[in-house]
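my_file24.txt (compact mmCIF, C-alpha atoms and all ligand atoms)
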```
# COMPACT_ATOMS: atom_id res chain seq x y z
CA MET A 1 -18.00 -2.69 -7.62
CA HIS A 2 -14.34 -1.85 -7.74
CA PRO A 3 -12.84 -1.58 -11.25
CA ALA A 4 -10.40 -4.47 -10.74
CA LEU A 5 -13.30 -6.78 -9.96
CA ASP A 6 -14.91 -6.07 -13.31
CA HIS A 7 -11.91 -7.71 -14.88
CA PRO A 8 -11.55 -11.29 -13.79
CA ALA A 9 -9.50 -11.71 -16.98
CA LEU A 10 -6.59 -9.80 -15.38
CA PRO A 11 -4.00 -12.59 -15.22
CA ALA A 12 -3.72 -13.62 -11.57
CA PRO A 13 -1.63 -16.44 -10.18
CA GLY A 14 -3.44 -18.35 -7.45
CA VAL A 15 -2.55 -18.66 -3.79
CA ASP A 16 -0.49 -21.83 -4.32
CA TRP A 17 1.71 -20.22 -7.00
CA VAL A 18 2.29 -17.24 -4.73
CA ALA A 19 3.06 -19.47 -1.74
CA GLY A 20 5.74 -21.20 -3.81
CA HIS A 21 7.59 -17.87 -4.15
CA MET A 22 7.55 -16.79 -0.50
CA PRO A 23 10.52 -18.57 1.10
CA LEU A 24 11.14 -15.95 3.81
CA LEU A 25 7.58 -16.16 5.09
CA HIS A 26 7.67 -19.93 5.33
CA ASP A 27 11.01 -19.83 7.15
CA ALA A 28 9.55 -17.29 9.60
CA PHE A 29 6.57 -19.50 10.40
CA ALA A 30 8.83 -22.53 10.84
CA GLU A 31 10.75 -20.54 13.50
CA VAL A 32 8.10 -18.48 15.29
CA GLY A 33 4.73 -19.80 14.05
CA HIS A 34 4.14 -21.75 17.29
CA LEU A 35 3.74 -18.41 19.13
CA PHE A 36 0.40 -17.87 17.36
CA ASP A 37 -1.12 -21.17 18.46
CA GLY A 38 -4.44 -20.53 20.27
CA LEU A 39 -4.41 -16.74 19.69
CA ARG A 40 -7.19 -14.70 18.08
CA ILE A 41 -5.90 -12.27 15.46
CA ALA A 42 -7.92 -9.45 13.84
CA ILE A 43 -6.54 -8.37 10.48
CA CYS A 44 -7.24 -5.53 8.05
CA LEU A 45 -5.30 -5.96 4.81
CA HIS A 46 -5.67 -5.98 1.05
CA ILE A 47 -7.31 -9.35 0.40
CA GLU A 48 -5.32 -10.80 -2.46
CA PRO A 49 -3.20 -13.95 -2.92
CA LYS A 50 -0.01 -12.75 -1.14
CA THR A 51 -1.71 -11.67 2.07
CA ALA A 52 -3.81 -14.84 1.79
CA VAL A 53 -0.67 -16.96 2.07
CA MET A 54 0.11 -15.32 5.41
CA CYS A 55 -3.48 -15.65 6.70
CA ARG A 56 -3.66 -19.32 5.87
CA LEU A 57 -0.29 -19.96 7.55
CA LEU A 58 -1.56 -18.22 10.70
CA VAL A 59 -4.56 -20.57 10.69
CA ARG A 60 -2.37 -23.61 9.99
CA TYR A 61 -0.21 -22.65 12.99
CA GLY A 62 -3.26 -22.63 15.27
CA ALA A 63 -4.50 -19.02 15.25
CA THR A 64 -8.12 -17.94 14.83
CA VAL A 65 -8.13 -15.24 12.16
CA ALA A 66 -10.81 -12.61 11.42
CA LEU A 67 -9.96 -10.68 8.28
CA THR A 68 -11.42 -7.62 6.62
CA GLY A 69 -10.23 -5.88 3.46
CA SER A 70 -8.76 -2.46 2.86
CA PRO A 71 -10.89 -0.40 0.48
CA GLY A 72 -10.31 -0.96 -3.20
CA SER A 73 -8.53 -4.27 -3.37
CA THR A 74 -10.64 -7.25 -2.26
CA ARG A 75 -10.44 -10.14 -4.73
CA PRO A 76 -13.48 -12.43 -4.57
CA ASP A 77 -11.46 -15.49 -5.67
CA THR A 78 -9.07 -14.95 -2.75
CA VAL A 79 -11.98 -14.56 -0.33
CA THR A 80 -13.32 -17.94 -1.50
CA ALA A 81 -9.89 -19.59 -1.09
CA LEU A 82 -9.48 -18.15 2.42
CA VAL A 83 -12.93 -19.16 3.61
CA ALA A 84 -12.10 -22.71 2.50
CA GLU A 85 -8.97 -22.52 4.69
CA GLY A 86 -10.97 -21.58 7.79
CA VAL A 87 -10.30 -17.83 7.82
CA ASN A 88 -13.27 -15.70 8.97
CA VAL A 89 -13.47 -13.20 6.13
CA HIS A 90 -15.62 -10.09 6.54
CA ALA A 91 -15.14 -8.50 3.17
CA ASP A 92 -17.37 -6.40 1.06
CA VAL A 93 -16.53 -6.64 -2.61
CA ASP A 94 -18.58 -3.50 -3.18
CA ASP A 95 -15.84 -1.74 -1.26
CA GLU A 96 -17.94 -0.07 1.36
CA GLY A 97 -14.84 -0.10 3.54
CA PRO A 98 -13.39 -2.37 6.18
CA GLN A 99 -15.83 -4.13 8.52
CA ILE A 100 -13.97 -3.17 11.65
CA ASP A 101 -16.60 -4.07 14.25
CA ARG A 102 -17.05 -7.55 12.86
CA VAL A 103 -13.35 -8.45 13.04
CA LEU A 104 -12.95 -6.88 16.49
CA ALA A 105 -15.90 -9.01 17.68
CA ILE A 106 -13.50 -11.96 18.05
CA GLU A 107 -11.94 -10.11 21.02
CA PRO A 108 -8.46 -10.38 19.51
CA HIS A 109 -5.16 -10.99 21.27
CA LEU A 110 -3.33 -9.39 18.35
CA LEU A 111 -4.06 -6.87 15.56
CA LEU A 112 -2.51 -6.66 12.15
CA ASP A 113 -3.61 -3.34 10.65
CA ASN A 114 -3.28 -1.45 7.38
CA GLY A 115 -4.09 2.24 7.64
CA GLY A 116 -4.77 2.54 11.38
CA ASP A 117 -8.55 2.00 11.33
CA LEU A 118 -8.52 -1.24 13.30
CA THR A 119 -6.14 -0.01 15.99
CA THR A 120 -7.98 3.31 16.32
CA ALA A 121 -11.31 1.48 16.73
CA LEU A 122 -9.84 -0.83 19.36
CA LEU A 123 -8.41 2.14 21.28
CA ARG A 124 -11.84 3.78 21.17
CA ARG A 125 -13.74 0.78 22.47
CA GLY A 126 -11.04 -0.47 24.88
CA HIS A 127 -9.57 -3.95 25.25
CA GLY A 128 -9.27 -6.64 27.87
CA ASP A 129 -6.12 -7.75 29.68
CA HIS A 130 -5.69 -10.55 27.19
CA PHE A 131 -4.81 -8.05 24.42
CA LEU A 132 -1.11 -8.09 23.55
CA GLY A 133 -0.60 -5.50 20.78
CA GLY A 134 -0.23 -5.37 17.05
CA THR A 135 1.45 -4.27 13.90
CA GLU A 136 0.63 -1.49 11.43
CA GLU A 137 1.61 -1.88 7.80
CA THR A 138 1.49 1.67 6.44
CA THR A 139 3.23 5.01 6.76
CA THR A 140 -0.23 6.62 6.86
CA GLY A 141 -1.41 4.38 9.73
CA GLY A 142 1.81 5.11 11.62
CA HIS A 143 1.15 8.87 11.31
CA VAL A 144 -2.43 8.41 12.57
CA LEU A 145 -1.30 6.48 15.66
CA ARG A 146 1.56 8.86 16.46
CA ALA A 147 -0.76 11.87 16.18
CA ARG A 148 -2.94 10.60 19.05
CA GLN A 149 -2.80 12.58 22.29
CA THR A 150 -2.59 9.39 24.32
CA PRO A 151 -0.24 6.79 22.86
CA PRO A 152 -1.44 3.17 22.73
CA ASP A 153 -0.92 1.29 26.00
CA PHE A 154 0.31 -1.72 24.01
CA PRO A 155 3.09 -2.22 21.46
CA VAL A 156 2.33 -1.35 17.83
CA VAL A 157 5.14 -2.08 15.39
CA VAL A 158 4.96 0.10 12.28
CA ILE A 159 6.36 -2.03 9.50
CA ASN A 160 6.92 0.89 7.10
CA ASP A 161 9.22 2.58 9.61
CA GLY A 162 11.98 0.18 8.65
CA GLU A 163 14.43 1.28 5.98
CA LEU A 164 14.40 -2.23 4.55
CA LYS A 165 10.67 -2.41 3.89
CA LEU A 166 10.66 1.08 2.42
CA MET A 167 13.50 0.21 0.08
CA VAL A 168 12.34 -3.15 -1.19
CA GLU A 169 8.57 -2.84 -1.10
CA ASN A 170 7.79 0.85 -1.48
CA ARG A 171 10.58 1.77 -3.85
CA TYR A 172 11.17 -1.28 -6.01
CA GLY A 173 7.85 -3.09 -5.52
CA VAL A 174 5.52 -0.09 -5.81
CA GLY A 175 7.66 1.36 -8.62
CA GLN A 176 7.18 -1.73 -10.77
CA SER A 177 3.56 -2.45 -9.90
CA VAL A 178 2.23 1.11 -10.22
CA VAL A 179 3.65 1.40 -13.70
CA GLN A 180 2.30 -2.08 -14.50
CA GLY A 181 -1.16 -1.00 -13.26
CA PHE A 182 -0.98 2.19 -15.30
CA MET A 183 -0.13 0.22 -18.44
CA ASN A 184 -2.89 -2.35 -17.80
CA ALA A 185 -5.45 0.39 -17.27
CA THR A 186 -4.55 2.58 -20.22
CA ASN A 187 -2.64 0.61 -22.88
CA LEU A 188 -0.72 3.86 -23.49
CA MET A 189 2.91 4.16 -24.55
CA LEU A 190 5.43 5.34 -21.99
CA PRO A 191 8.55 6.07 -24.05
CA GLY A 192 8.63 9.78 -24.79
CA SER A 193 5.64 10.60 -22.56
CA ARG A 194 5.84 13.53 -20.22
CA ALA A 195 5.16 12.23 -16.72
CA THR A 196 5.06 14.12 -13.42
CA VAL A 197 5.42 12.33 -10.11
CA VAL A 198 4.23 14.35 -7.12
CA GLY A 199 5.95 13.24 -3.91
CA TYR A 200 9.46 11.77 -3.89
CA GLY A 201 9.20 9.47 -0.90
CA PRO A 202 10.11 5.83 -1.43
CA CYS A 203 6.92 5.22 -3.45
CA GLY A 204 7.24 8.28 -5.68
CA ARG A 205 10.92 7.64 -6.15
CA GLY A 206 10.26 4.07 -7.28
CA VAL A 207 7.54 5.21 -9.69
CA ALA A 208 9.77 7.97 -11.10
CA GLN A 209 12.67 5.58 -11.59
CA THR A 210 10.54 2.89 -13.24
CA LEU A 211 8.94 5.42 -15.59
CA ARG A 212 12.36 6.71 -16.55
CA GLN A 213 13.65 3.20 -17.17
CA LEU A 214 10.81 2.90 -19.70
CA SER A 215 11.96 6.12 -21.39
CA ALA A 216 9.27 8.47 -20.11
CA ARG A 217 10.45 12.05 -19.55
CA VAL A 218 9.91 12.47 -15.84
CA THR A 219 9.51 15.59 -13.67
CA VAL A 220 9.43 15.31 -9.89
CA VAL A 221 7.50 17.67 -7.59
CA GLU A 222 8.57 17.53 -3.95
CA ILE A 223 8.17 20.03 -1.10
CA ASP A 224 10.86 18.54 1.16
CA PRO A 225 14.14 20.19 0.13
CA TYR A 226 16.29 17.14 0.94
CA ARG A 227 14.13 14.83 -1.11
CA ALA A 228 13.92 17.39 -3.89
CA LEU A 229 17.71 17.56 -3.83
CA GLU A 230 17.90 13.78 -4.00
CA ALA A 231 15.69 13.83 -7.10
CA VAL A 232 17.89 16.51 -8.71
CA MET A 233 21.03 14.51 -7.94
CA GLU A 234 19.44 11.43 -9.45
CA GLY A 235 18.97 13.33 -12.70
CA PHE A 236 15.26 14.18 -12.64
CA GLU A 237 13.73 17.48 -13.63
CA VAL A 238 12.49 18.97 -10.36
CA SER A 239 9.90 21.67 -10.50
CA PRO A 240 7.13 23.36 -8.46
CA LEU A 241 3.74 21.78 -9.06
CA ALA A 242 2.32 24.80 -10.86
CA ALA A 243 5.19 24.81 -13.33
CA ALA A 244 5.08 21.05 -13.95
CA LEU A 245 1.35 20.61 -14.52
CA PRO A 246 0.80 22.44 -17.83
CA ALA A 247 3.36 20.26 -19.60
CA THR A 248 2.47 16.87 -18.17
CA SER A 249 0.49 14.16 -19.90
CA LEU A 250 0.68 11.59 -17.06
CA LEU A 251 0.30 12.61 -13.44
CA PHE A 252 1.17 10.23 -10.59
CA LEU A 253 0.12 11.27 -7.06
CA ALA A 254 2.41 9.81 -4.39
CA THR A 255 2.39 12.27 -1.49
CA GLY A 256 -0.05 10.57 0.91
CA ALA A 257 -1.23 14.14 1.65
CA ARG A 258 -4.65 15.80 1.31
CA ASP A 259 -5.74 18.40 -1.23
CA VAL A 260 -2.46 18.66 -3.08
CA LEU A 261 -4.39 19.78 -6.15
CA GLY A 262 -7.00 22.50 -5.54
CA GLU A 263 -8.93 24.73 -7.91
CA ALA A 264 -5.80 26.61 -8.98
CA GLU A 265 -3.87 23.43 -9.84
CA VAL A 266 -6.81 21.80 -11.62
CA ALA A 267 -7.00 24.91 -13.80
CA LEU A 268 -3.43 24.18 -14.96
CA LEU A 269 -4.06 20.61 -16.11
CA PRO A 270 -3.63 20.26 -19.87
CA ASP A 271 -6.16 18.62 -22.15
CA GLY A 272 -5.91 14.82 -22.13
CA VAL A 273 -3.90 14.47 -18.92
CA VAL A 274 -4.20 11.07 -17.19
CA VAL A 275 -4.14 10.99 -13.38
CA ALA A 276 -3.10 7.87 -11.43
CA GLY A 277 -3.06 7.39 -7.66
CA VAL A 278 -0.20 5.82 -5.74
CA SER A 279 -1.08 6.94 -2.19
CA HIS A 280 -3.04 4.92 0.33
CA PHE A 281 -6.09 7.22 0.12
CA PRO A 282 -7.21 9.15 -2.99
CA HIS A 283 -7.27 12.42 -1.06
CA GLU A 284 -4.77 14.45 -3.07
CA LEU A 285 -7.33 15.56 -5.62
CA ASP A 286 -10.98 16.43 -4.96
CA GLN A 287 -12.46 14.94 -8.10
CA ALA A 288 -15.56 17.11 -7.74
CA LEU A 289 -13.33 19.97 -8.94
CA LEU A 290 -12.84 18.28 -12.29
CA GLY A 291 -16.33 18.86 -13.60
CA PRO A 292 -18.85 16.46 -15.11
CA VAL A 293 -17.91 12.96 -16.22
CA GLU A 294 -18.09 12.72 -19.98
CA SER A 295 -17.36 9.03 -20.30
CA SER A 296 -16.26 6.19 -18.11
CA ALA A 297 -15.14 2.61 -18.49
CA ALA A 298 -13.74 -0.06 -16.21
CA TYR A 299 -10.57 1.75 -15.21
CA HIS A 300 -11.13 5.41 -15.98
CA ARG A 301 -13.44 8.38 -15.89
CA VAL A 302 -12.97 11.24 -18.30
CA HIS A 303 -14.05 14.63 -16.93
CA ARG A 304 -14.79 17.55 -19.22
CA ARG A 305 -13.76 20.98 -17.92
CA PRO A 306 -15.97 24.00 -18.72
CA ASP A 307 -13.38 25.18 -21.26
CA GLY A 308 -13.45 21.81 -23.04
CA ARG A 309 -10.25 20.26 -21.64
CA ARG A 310 -10.48 16.57 -20.69
CA VAL A 311 -8.97 15.05 -17.54
CA ALA A 312 -8.92 11.25 -17.17
CA VAL A 313 -8.74 9.79 -13.66
CA LEU A 314 -7.78 6.13 -13.34
CA ALA A 315 -9.72 3.97 -10.85
CA GLY A 316 -10.97 6.98 -8.88
CA ALA A 317 -7.30 7.89 -8.16
CA ARG A 318 -7.04 4.88 -5.87
CA MET A 319 -3.80 2.90 -5.79
CA ILE A 320 -3.46 1.93 -9.42
CA ASN A 321 -1.16 -1.00 -8.66
CA LEU A 322 -3.99 -2.62 -6.71
CA ALA A 323 -6.86 -1.43 -8.90
CA ALA A 324 -5.44 -2.47 -12.26
CA ALA A 325 -2.59 -4.83 -11.39
CA LEU A 326 -1.91 -7.38 -8.72
CA GLY A 327 -0.25 -5.13 -6.15
CA ASN A 328 3.36 -5.45 -5.25
CA PRO A 329 5.47 -8.25 -6.72
CA ILE A 330 5.46 -11.46 -4.72
CA GLU A 331 9.06 -11.25 -3.52
CA ALA A 332 8.58 -7.70 -2.20
CA MET A 333 5.51 -8.85 -0.29
CA ASP A 334 7.39 -11.91 0.96
CA LEU A 335 9.77 -9.50 2.64
CA GLY A 336 7.06 -7.15 3.96
CA LEU A 337 4.87 -9.93 5.31
CA THR A 338 7.87 -11.64 6.90
CA LEU A 339 8.60 -8.41 8.77
CA GLN A 340 4.92 -8.39 9.81
CA VAL A 341 4.92 -11.97 11.06
CA ARG A 342 8.23 -11.76 12.90
CA SER A 343 7.21 -8.45 14.52
CA LEU A 344 3.79 -9.83 15.47
CA ALA A 345 5.51 -12.88 16.97
CA ALA A 346 7.72 -10.54 19.04
CA VAL A 347 4.54 -8.82 20.31
CA ALA A 348 2.96 -12.22 21.06
CA ALA A 349 6.08 -13.26 22.99
CA GLY A 350 5.63 -10.15 25.19
CA GLY A 351 9.09 -8.86 24.34
CA LEU A 352 8.19 -5.29 23.32
CA ALA A 353 7.44 -2.14 25.33
CA PRO A 354 4.09 -0.32 24.85
CA GLY A 355 3.92 2.41 22.21
CA VAL A 356 4.30 2.96 18.50
CA GLN A 357 7.70 1.72 17.37
CA PRO A 358 9.69 0.57 14.35
CA VAL A 359 10.51 -3.05 13.51
CA PRO A 360 13.07 -4.30 16.08
CA SER A 361 16.52 -3.91 14.53
CA ASP A 362 17.49 -7.56 15.01
CA ILE A 363 14.44 -8.62 13.01
CA ASP A 364 15.10 -6.02 10.29
CA ARG A 365 18.69 -7.14 9.89
CA ALA A 366 17.89 -10.87 9.87
CA VAL A 367 15.20 -10.37 7.21
CA ALA A 368 17.60 -8.27 5.08
CA THR A 369 20.17 -11.06 5.27
CA ALA A 370 17.56 -13.67 4.32
CA PHE A 371 16.34 -11.54 1.40
CA VAL A 372 19.84 -11.16 -0.01
CA ALA A 373 20.27 -14.93 0.26
CA ALA A 374 16.92 -15.53 -1.47
CA ARG A 375 17.72 -13.13 -4.36
CA THR A 376 21.32 -14.31 -4.88
CA GLY A 377 20.99 -17.95 -3.94
CA VAL A 378 24.00 -17.45 -1.66
CA ARG A 379 23.58 -17.87 2.08
CA ALA A 380 25.93 -15.83 4.27
N1 LIG A 401 0.35 1.87 -3.84
C1 LIG A 401 0.92 1.10 -2.93
O1 LIG A 401 0.99 -0.12 -3.06
C2 LIG A 401 1.54 1.72 -1.72
C3 LIG A 401 2.49 1.02 -0.97
C4 LIG A 401 3.07 1.65 0.13
C5 LIG A 401 2.69 2.93 0.49
N2 LIG A 401 1.73 3.58 -0.24
C6 LIG A 401 1.26 4.92 0.07
O2 LIG A 401 1.92 5.84 -0.80
C7 LIG A 401 2.05 7.13 -0.15
C8 LIG A 401 3.50 7.56 -0.20
O3 LIG A 401 4.28 6.64 0.52
P1 LIG A 401 5.81 6.98 0.87
O4 LIG A 401 6.31 5.83 1.70
O5 LIG A 401 6.54 7.38 -0.35
O6 LIG A 401 5.53 8.26 1.84
P2 LIG A 401 6.44 9.47 2.32
O7 LIG A 401 5.61 10.20 3.33
O8 LIG A 401 7.80 9.00 2.72
O9 LIG A 401 6.64 10.37 1.01
C9 LIG A 401 5.70 11.30 0.57
C10 LIG A 401 6.46 12.49 -0.01
O10 LIG A 401 5.51 13.41 -0.54
C11 LIG A 401 5.98 14.73 -0.24
N3 LIG A 401 4.85 15.66 -0.27
C12 LIG A 401 3.87 15.82 0.66
N4 LIG A 401 3.03 16.77 0.27
C13 LIG A 401 3.47 17.22 -0.92
C14 LIG A 401 3.00 18.20 -1.83
N5 LIG A 401 1.91 18.94 -1.58
N6 LIG A 401 3.71 18.40 -2.97
C15 LIG A 401 4.83 17.69 -3.23
N7 LIG A 401 5.32 16.74 -2.40
C16 LIG A 401 4.63 16.51 -1.27
C17 LIG A 401 6.61 14.61 1.15
O11 LIG A 401 7.52 15.66 1.39
C18 LIG A 401 7.30 13.24 1.04
O12 LIG A 401 8.64 13.35 0.60
C19 LIG A 401 1.47 6.92 1.26
O13 LIG A 401 0.11 7.29 1.24
C20 LIG A 401 1.58 5.42 1.46
O14 LIG A 401 0.65 4.93 2.42
C21 LIG A 401 1.16 3.02 -1.35
```
Now that the file is in, can you turn its structure into structure tokens?
Amino acid sequence: MHPALDHPALPAPGVDWVAGHMPLLHDAFAEVGHLFDGLRIAICLHIEPKTAVMCRLLVRYGATVALTGSPGSTRPDTVTALVAEGVNVHADVDDEGPQIDRVLAIEPHLLLDNGGDLTTALLRRGHGDHFLGGTEETTTGGHVLRARQTPPDFPVVVINDGELKLMVENRYGVGQSVVQGFMNATNLMLPGSRATVVGYGPCGRGVAQTLRQLSARVTVVEIDPYRALEAVMEGFEVSPLAAALPATSLLFLATGARDVLGEAEVALLPDGVVVAGVSHFPHELDQALLGPVESSAAYHRVHRRPDGRRVAVLAGARMINLAAALGNPIEAMDLGLTLQVRSLAAVAAGGLAPGVQPVPSDIDRAVATAFVAARTGVRA
């Protein structure tokens, strides 16, 4: 079972509380929800109260929804609430991975994907003429779809391609929630700690900034010279990985890349270092390199290196904001899911060309305007 599920005591507002704080999503459904009436929609997403609000609105606006969970985040209480709302949930709380075939069995008109698995499976098995297209939530899924030799013959809107989503959700939302998850999982003190954030994309940048706001001493590792420069100009220590590791006590992995830490890097980890994952997949560090597990509890495993050093890995290096906190803050998800729904409605309306593409700029701009109004209470 996933660590988060061992802890039902983690304070969690229910679906109704969350729904009460998602004004943009409700406005979107009031405008474009009718476009989903009678359509079958296959969804792969983290199954938790914020995504549940969107799924139940899709059902209330007449769609048939088949939902499966992304690895590492399915909340059983949310599954129960969604089943009661008429959503077909194919979720495995033991986290064996998304049940792709079962959600695709509804022969969907639309896909809403998170990581590219659903869209890739549909491309492999083919689709009928009724299929309209879909959306993809993540940067990682966008890369997977763009790397294909043959592009999809239907529109796929990559929500993370928009500057707006990256700013609000990845930077501010992930920044807050990753640090919250870290604190929930460890109960350690941040002020004065030496933290290293590897990867200074929107997620890493948000984590680095939040850690600094809590008085951690933060070093950034980034291979892209422009992003490294940005981190320098924002006042962070910037250093090659090998130089940063020996002095770090907290290590946040936010590159989305594979095998960032190999044998040589693991050898540089100091005794007592705590490793937390931010990226979609925990592929940055092959945990087999860390040696035997000396002790483990709900949120961590402590490995003992042959020379006696200890390395603690939180939640198997999976996204700590989902494993040990409640994911992104509600308002950030209100914005992200509103971009999803409005983009999916544009696909349903047949207004988009085939291929992988960013959120249409008119949607992006309208959602930005609505978000400013929601945060300030002032409508333009
Ligand atoms: N935890 C969450 O809730 C959450 C939310 C959104 C996205 N994500 C995931 O977080 C990851 C990062 O997202 P992002 O939007 O910041 O992505 P991004 O691709 O914009 O940024 C990643 C950065 O890491 C850098 N990088 C790559 N390899 C590196 C290496 N070996 N050493 C140092 N730097 C390296 C890249 O140059 C890039 O600047 C992705 O996997 C994404 O799917 C997680």
Using only C-alpha atoms and all ligand atoms, determine which residues fall within 8 Å of ligand LIG 401 (chain A), then list them as number ranges by chain.
A: 115, 138-141, 160, 166, 169-171, 173-174, 177-178, 198-205, 221-224, 227, 241, 254-261, 277-281, 319-322, 327-328
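Atom CA of A:Val274 to atom CA of A:Ser249 spans 6.2 Å [interatomic distance, one decimal].
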Write out as number ranges by chain the residues lying within 7 Å of A:Leu25, counting all atoms listed in the file and excluding same-chain residues fewer than 4 positions away.
A: 29, 334, 337-338
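Counting only C-alpha atoms, the residue from A:Ala30, A:Ala315, A:Leu112, A:Ala147 that sits nearest to A:Ser70 is A:Leu112.
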So that I can check the surroundings of A:Asp113, please list as a PyMOL selection string every protein, DNA and RNA residue that reaches within 7 Å of it, counting only C-alpha atoms and ignoring chain neighbours fewer than 4 positions away.
chain A and resi 43-45+118-119+135-137
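Among the candidates A:Gln180, A:Thr186, A:Ser361, A:Gln209, the one nearest to A:Leu339 when counting only C-alpha atoms is A:Ser361.
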Mind pulling up the distance from atom CA of A:Asp129 to atom CA of A:Ala28?
27.2 Å
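Atom pair atom CA of A:Asp16 / atom CA of A:Gly86 has a distance of 16.0 Å (rounded to one decimal).
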Using only C-alpha atoms, which protein or nucleic acid residues come within 12 Å of A:Arg124? Drop anything in the same chain fewer than 2 positions from it, and give the result as a list in words.
Ile100, Asp101, Leu104, Asp117, Leu118, Thr119, Thr120, Ala121, Leu122, Gly126, His127, Arg148, Thr150 and Pro152 of chain A
Would you mind listing what lies within 9 Å of stretch 364-380 of chain A as an mmCIF file with C-alpha atoms, in the coordinates of the input, with all atoms listed in the file counted and same-chain residues fewer than 4 positions away left out?
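What ended up in out_15.cif:
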```cif
data_model
loop_
_atom_site.group_PDB
_atom_site.id
_atom_site.type_symbol
_atom_site.label_atom_id
_atom_site.label_comp_id
_atom_site.auth_asym_id
_atom_site.auth_seq_id
_atom_site.Cartn_x
_atom_site.Cartn_y
_atom_site.Cartn_z
ATOM 1 C CA PRO A 23 10.520 -18.570 1.100
ATOM 2 C CA LEU A 24 11.140 -15.950 3.810
ATOM 3 C CA GLY A 162 11.980 0.180 8.650
ATOM 4 C CA GLU A 163 14.430 1.280 5.980
ATOM 5 C CA LEU A 164 14.400 -2.230 4.550
ATOM 6 C CA LYS A 165 10.670 -2.410 3.890
ATOM 7 C CA GLU A 331 9.060 -11.250 -3.520
ATOM 8 C CA ASP A 334 7.390 -11.910 0.960
ATOM 9 C CA LEU A 335 9.770 -9.500 2.640
ATOM 10 C CA THR A 338 7.870 -11.640 6.900
ATOM 11 C CA LEU A 339 8.600 -8.410 8.770
ATOM 12 C CA VAL A 359 10.510 -3.050 13.510
ATOM 13 C CA PRO A 360 13.070 -4.300 16.080
#
```
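Nearest to A:Val32 of all the residues A:Val238, A:Val293, A:Ala346, A:Ala105 is A:Ala346, based on all atoms listed in the file.
Neighbouring residues of A:His26 at 9 Å or closer, counting all atoms listed in the file and skipping chain neighbours under 6 positions away, are Ala19, Met54, Leu57 and Thr338 of chain A.
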Atoms kept (C-alpha atoms) for selection, written as a PDB file, in the coordinates of the input:
```
ATOM      1  CA  ALA A  19       3.060 -19.470  -1.740  1.00  0.00           C
ATOM      2  CA  MET A  54       0.110 -15.320   5.410  1.00  0.00           C
ATOM      3  CA  LEU A  57      -0.290 -19.960   7.550  1.00  0.00           C
ATOM      4  CA  THR A 338       7.870 -11.640   6.900  1.00  0.00           C
TER       5      THR A 338
END
```
Smallest atom-to-atom distance to A:Arg304: which of A:Thr196, A:Leu326, A:Pro270, A:Ala317, using all atoms listed in the file?
A:Pro270
Looking at all atoms listed in the file, which of A:Thr51, A:Gln213, A:Gln340, A:Asn88 is the one that sits closest to A:Pro358?
A:Gln340
Mind completing stretch 80-91 of chain A with N, CA and C atoms? Output as a CSV table (one decimal), in the coordinates of the input, please?
```csv
chain,number,residue,atom,x,y,z
A,80,THR,N,-12.8,-16.6,-1.4
A,80,THR,CA,-13.3,-17.9,-1.5
A,80,THR,C,-12.2,-18.9,-1.0
A,81,ALA,N,-11.0,-18.7,-1.5
A,81,ALA,CA,-9.9,-19.6,-1.1
A,81,ALA,C,-9.7,-19.5,0.4
A,82,LEU,N,-9.8,-18.3,1.0
A,82,LEU,CA,-9.5,-18.2,2.4
A,82,LEU,C,-10.6,-18.8,3.3
A,83,VAL,N,-11.8,-18.6,2.9
A,83,VAL,CA,-12.9,-19.2,3.6
A,83,VAL,C,-12.8,-20.7,3.7
A,84,ALA,N,-12.3,-21.3,2.5
A,84,ALA,CA,-12.1,-22.7,2.5
A,84,ALA,C,-11.0,-23.1,3.5
A,85,GLU,N,-10.1,-22.2,3.8
A,85,GLU,CA,-9.0,-22.5,4.7
A,85,GLU,C,-9.3,-22.3,6.2
A,86,GLY,N,-10.6,-21.8,6.4
A,86,GLY,CA,-11.0,-21.6,7.8
A,86,GLY,C,-10.7,-20.2,8.3
A,87,VAL,N,-10.4,-19.2,7.4
A,87,VAL,CA,-10.3,-17.8,7.8
A,87,VAL,C,-11.7,-17.2,7.8
A,88,ASN,N,-12.0,-16.4,8.9
A,88,ASN,CA,-13.3,-15.7,9.0
A,88,ASN,C,-13.1,-14.4,8.2
A,89,VAL,N,-13.7,-14.4,7.0
A,89,VAL,CA,-13.5,-13.2,6.1
A,89,VAL,C,-14.7,-12.3,6.2
A,90,HIS,N,-14.5,-11.1,6.5
A,90,HIS,CA,-15.6,-10.1,6.5
A,90,HIS,C,-15.3,-9.0,5.5
A,91,ALA,N,-15.6,-9.4,4.3
A,91,ALA,CA,-15.1,-8.5,3.2
A,91,ALA,C,-16.3,-8.1,2.3
```
